[in-house]
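Comments concern the structure below.
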Amino acid sequence: MSLFEQISNDIKSAMLAHETVKLAALRGVKKEFLEAKTSKNANGELDDETAVKILRKMVKQRKESAAIFQQQNRADLAENELSEAGFIEAYLPKQPDAGEIEAEVREIIAQTGAEGMKDMGKVMGAASKKMAGKVDGKTLSDIVKKLLA
C-alpha cells in the first residue's frame, strides 16, 4: 500500500473516531499529495520517495510554526502544530541514529578528500545524494559542520 492510500484510509479512520487534530493533519497531507500528483511533471503518479519529501517538509513547517507561536505566547496554537507534526511524523521512515549518520559522513569526507569548512559544500552535496530521504538536511548539516571543524 502506498503512502497516499494509507493516508486516505487513515483519514476515514480519524473521521470515524472523531479525532479532529489528526484529521486536520491528514487532510493537509492528502492535499499536498494531490497537488504533487497533478503537477506538470508528475504524470498523475506519486512515488513514496516524493511523498516522504513532502512529509518531511510538512513536519518542518509545523515545528517552525510552533516555535513562532511559542515566542508569541500562544501555547494553544503551538500545541496544535506540534500535535499535527507528530501525526505526520508517524508516516516517515525511521531516521538512522547520529552514530550511523556520522559514520557515513566520515566515509564521504574520506572519499572527497575534504579538509575543512571550505569543503563543506562538496561534502554536503555527496552526503545529501547518498542519504536522500533518510536524514533531514539540518541534522546532516550539523554533523558535517561538527566533523569538518
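Residue names in the C-alpha cells use chain letters A, B, ... in the order shown, residue numbers from 1 in each chain, and ligand numbers from 1 in the order shown.
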
Q: Using DSSP on the backbone coordinates, identify all residues within segment 29-122 of chain A classified as helix (DSSP H, G or I); present the result as number ranges by chain.
A: A: 29-37, 48-71, 75-89, 98-112, 117-122

Report as a tab-separated table: every residue of segment 85-112 of chain A with an atom at most 9 Å from segment 25-49 of chain A, its closest pair of atoms, and their distance in Å to one decimal, counting only C-alpha atoms, with rows sorted by chain and ascending residue number.
```
residue	atom	partner	partner_atom	distance
A:Ala85	CA	A:Ala25	CA	7.7
A:Phe87	CA	A:Ala25	CA	6.9
A:Ile88	CA	A:Ala25	CA	6.9
```

Residue contacts of segment 95-98 of chain A (7 Å, only C-alpha atoms) excluding same-chain residues fewer than 3 positions away, as a ChimeraX atom specification: /A:101-102,134-135

**OP:** Within 12 Å of Glu107 of chain A, counting only C-alpha atoms, which residues show up once you throw out same-chain ones fewer than 4 positions away? Write them as a VMD selection string, please.
**Re:** chain A and resid 100 to 103 111 to 114 123 126 to 127 130 144 147

Selection export as a PDB file, in the first residue's frame, atoms kept: C-alpha atoms:
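Final file, out-v9.pdb:
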```pdb
ATOM      1  CA  GLU A 100      25.277   5.873  11.846  1.00  0.00           C
ATOM      2  CA  ILE A 101      24.974   9.252  10.141  1.00  0.00           C
ATOM      3  CA  GLU A 102      28.376  10.315  11.480  1.00  0.00           C
ATOM      4  CA  ALA A 103      29.997   7.115  10.144  1.00  0.00           C
ATOM      5  CA  GLN A 111      36.201   9.850  -0.350  1.00  0.00           C
ATOM      6  CA  THR A 112      36.049  13.539  -1.245  1.00  0.00           C
ATOM      7  CA  GLY A 113      39.323  14.430   0.472  1.00  0.00           C
ATOM      8  CA  ALA A 114      37.680  17.285   2.372  1.00  0.00           C
ATOM      9  CA  VAL A 123      30.667  17.017   1.395  1.00  0.00           C
ATOM     10  CA  ALA A 126      27.644  13.979  -1.731  1.00  0.00           C
ATOM     11  CA  ALA A 127      26.017  13.303   1.641  1.00  0.00           C
ATOM     12  CA  LYS A 130      23.689   9.336  -0.530  1.00  0.00           C
ATOM     13  CA  VAL A 144      29.068  17.740   8.634  1.00  0.00           C
ATOM     14  CA  LEU A 147      33.240  16.782  11.628  1.00  0.00           C
TER      15      LEU A 147
END
```

Of A:Ala149, A:Lys53, A:Lys94, A:Lys118, the one sitting nearest Ala132 of chain A when using only C-alpha atoms is A:Lys53

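Among the candidates A:Asp119, A:Lys57, A:Tyr91, A:Ala24, the residue lying nearest to Glu5 of chain A is A:Tyr91 (atoms considered: only C-alpha atoms).
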
A:Val105, A:Ala110, A:Ala90, A:Val52: which is nearest Met124 of chain A, counting only C-alpha atoms?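 Selected residue with least distance to Met124 of chain A: A:Val105.
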
Computed gap from atom CA of Ile54 of chain A to atom CA of Lys146 of chain A is 27.5 Å

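Among the candidates A:Met58, A:Ile68, A:Leu82, A:Met1, the one nearest to Val21 of chain A when counting only C-alpha atoms is A:Leu82.
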
For Asp136 of chain A, the closest of A:Met120, A:Pro93, A:Ser8, A:His18 counting only C-alpha atoms is A:Pro93

Atom CA of Ser2 of chain A to atom CA of Met131 of chain A measures 21.1 Å
